[in-house]
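For reference, the structure is listed below as structure tokens.
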Amino acid sequence: MKNRLMVALDVPQAADALALRDKLGDAVGWFKIGLRLFVAEGPQLVASIRQQHRVFLDLKFHDIPNTVAQAVESAGALGVEMVNVHAGGGAQMLTAAAGAAAAFPQMKLIAVTVLTSDPMPAEQARAVALERAHMAQDAGLHGVVCSVHEAAAIKQACGGDFLTVTPGIRWGDQDLQDQQRVADPAAAIADGSDYLVVGRPILQAPEPRVAALEALAMMDSVHG
């Protein structure tokens with residue numbers, strides 16, 4: 001399960017990210033690098049993290065098709081194992097992104113459907129996520145970012161090989177903060193999530209490695 005757990009490096013600088021990497025060690029297989037950290041530290045940090053872990057570069061590219069294709073190409077050149085675009089950019093943009101990603105067989109290209117912080121009603125979020133998942137699949141992408149609550153429907157509609165990456169993971173009495181559509185790690189695996197993205201529940205824990213192992217135990221329990 002450690003290769004299905006992605007820890008979000010939502011920290012301000014490389015020193016913090018590398019310290020967290022060292023604390024977690026081999027408990028996790030993936031780290032997610034988002035906008036804040038990538039803007040601050042850039043490709044050099046990606047290279048450092050990739051020495052021991054897989055990297056999901058979470059920059060949600062959303063621009064004209066040619067610009068997004070070039071950005072995906074640059075991400076592929078960094079050697080990252082996953083990168084995302086925003087499905088709101090439309091079918092032409094997604095197709096251009098998929099064309100660029102094809103040159104990097106080690107890299108999975110996924111599309112954001114609806115942010116887990118979006119307060120839109122559940123039925124509307126589900127409909128939009130399904131529509132965008134179909135569009136991403138038709139364009140040649142490998143999967144989508146969605147909430148746990150849409151993962152099962154997307155798997156049913158797009159097939160088991162179409163990846164679902166789900167943030168919004170919380171358990172116990174953790175504060176939801178800016179997340180709206182959440183689930184615990186066991187429910188996420190049971191509902192069809194391929195990869196779980198976990199940030200603050202691990203980053204803000206007194207012992208991040210213990211929190212990561214707790215999440216992994218809950219994920220494992222589904223198949224126990």
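Here's how to read the names in the structure tokens: chain A, B, ... by the order shown, residue numbers from 1 in each chain, ligand numbers from 1 in the order shown.
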Tell me, as a ChimeraX atom specification, which residues lie within 9 Å of Ala217 (chain A), counting only C-alpha atoms; anything in the same chain fewer than 6 positions away does not count. /A:1,185-186
From region 48-93 of chain A, collect each residue whose DSSP state is helix (DSSP H, G or I) and return the set as number ranges by chain. A: 48-50, 65-78, 87-89, 91-93
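Taking only C-alpha atoms into account, Met219 (chain A) lies nearest to A:Ala187 out of the set A:Leu59, A:Ala187, A:Val7, A:Leu203.
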Quick one: pull the distance between CA of Ala98 (chain A) and CA of Val112 (chain A), Å, one decimal. 13.9 Å
With a distance cut-off of 12 Å and only C-alpha atoms, select the neighbouring residues of Asp220 (chain A), excluding the residue or stretch itself and same-chain residues fewer than 2 positions from it, and output the selection as a PyMOL selection string. chain A and resi 1-5+185-190+213-218+222-224
Of A:Val128, A:Leu57, A:Leu109, A:Ala8, the one sitting nearest Val144 (chain A) when using only C-alpha atoms is A:Leu109
Would you please work out which residue, of A:Thr95, A:Thr113, A:Thr166, A:Ser74, is nearest to Ala139 (chain A) when using only C-alpha atoms?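 Among A:Thr95, A:Thr113, A:Thr166, A:Ser74, it is A:Thr95 that comes nearest to Ala139 (chain A).
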When you draw a straight line from CA of Lys108 (chain A) to CA of Glu73 (chain A), how long is it in Å?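 Computed distance, CA of Lys108 (chain A) to CA of Glu73 (chain A), equals 12.2 Å.
Distances to Gly160 (chain A) were evaluated for A:Gly192, A:Pro206, A:Ile49, A:Leu115 using only C-alpha atoms, and the minimum falls at A:Gly192.
Within the 7 Å cut-off around region 18-24 of chain A, using only C-alpha atoms and omitting residues fewer than 3 positions from it on the same chain, the listed residues are Ala14, Ala15, Ala27, Val28, Pro208 and Arg209 of chain A.
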Those same residues, written as a PDB file, in the first residue's frame with C-alpha atoms?
ATOM      1  CA  ALA A  14      13.296  22.529   0.344  1.00  0.00           C
ATOM      2  CA  ALA A  15      14.730  22.107   3.844  1.00  0.00           C
ATOM      3  CA  ALA A  27       7.014   4.219   4.802  1.00  0.00           C
ATOM      4  CA  VAL A  28       5.708   5.916   1.662  1.00  0.00           C
ATOM      5  CA  PRO A 208       4.569  12.006  10.743  1.00  0.00           C
ATOM      6  CA  ARG A 209       5.873   8.472  10.195  1.00  0.00           C
TER       7      ARG A 209
END
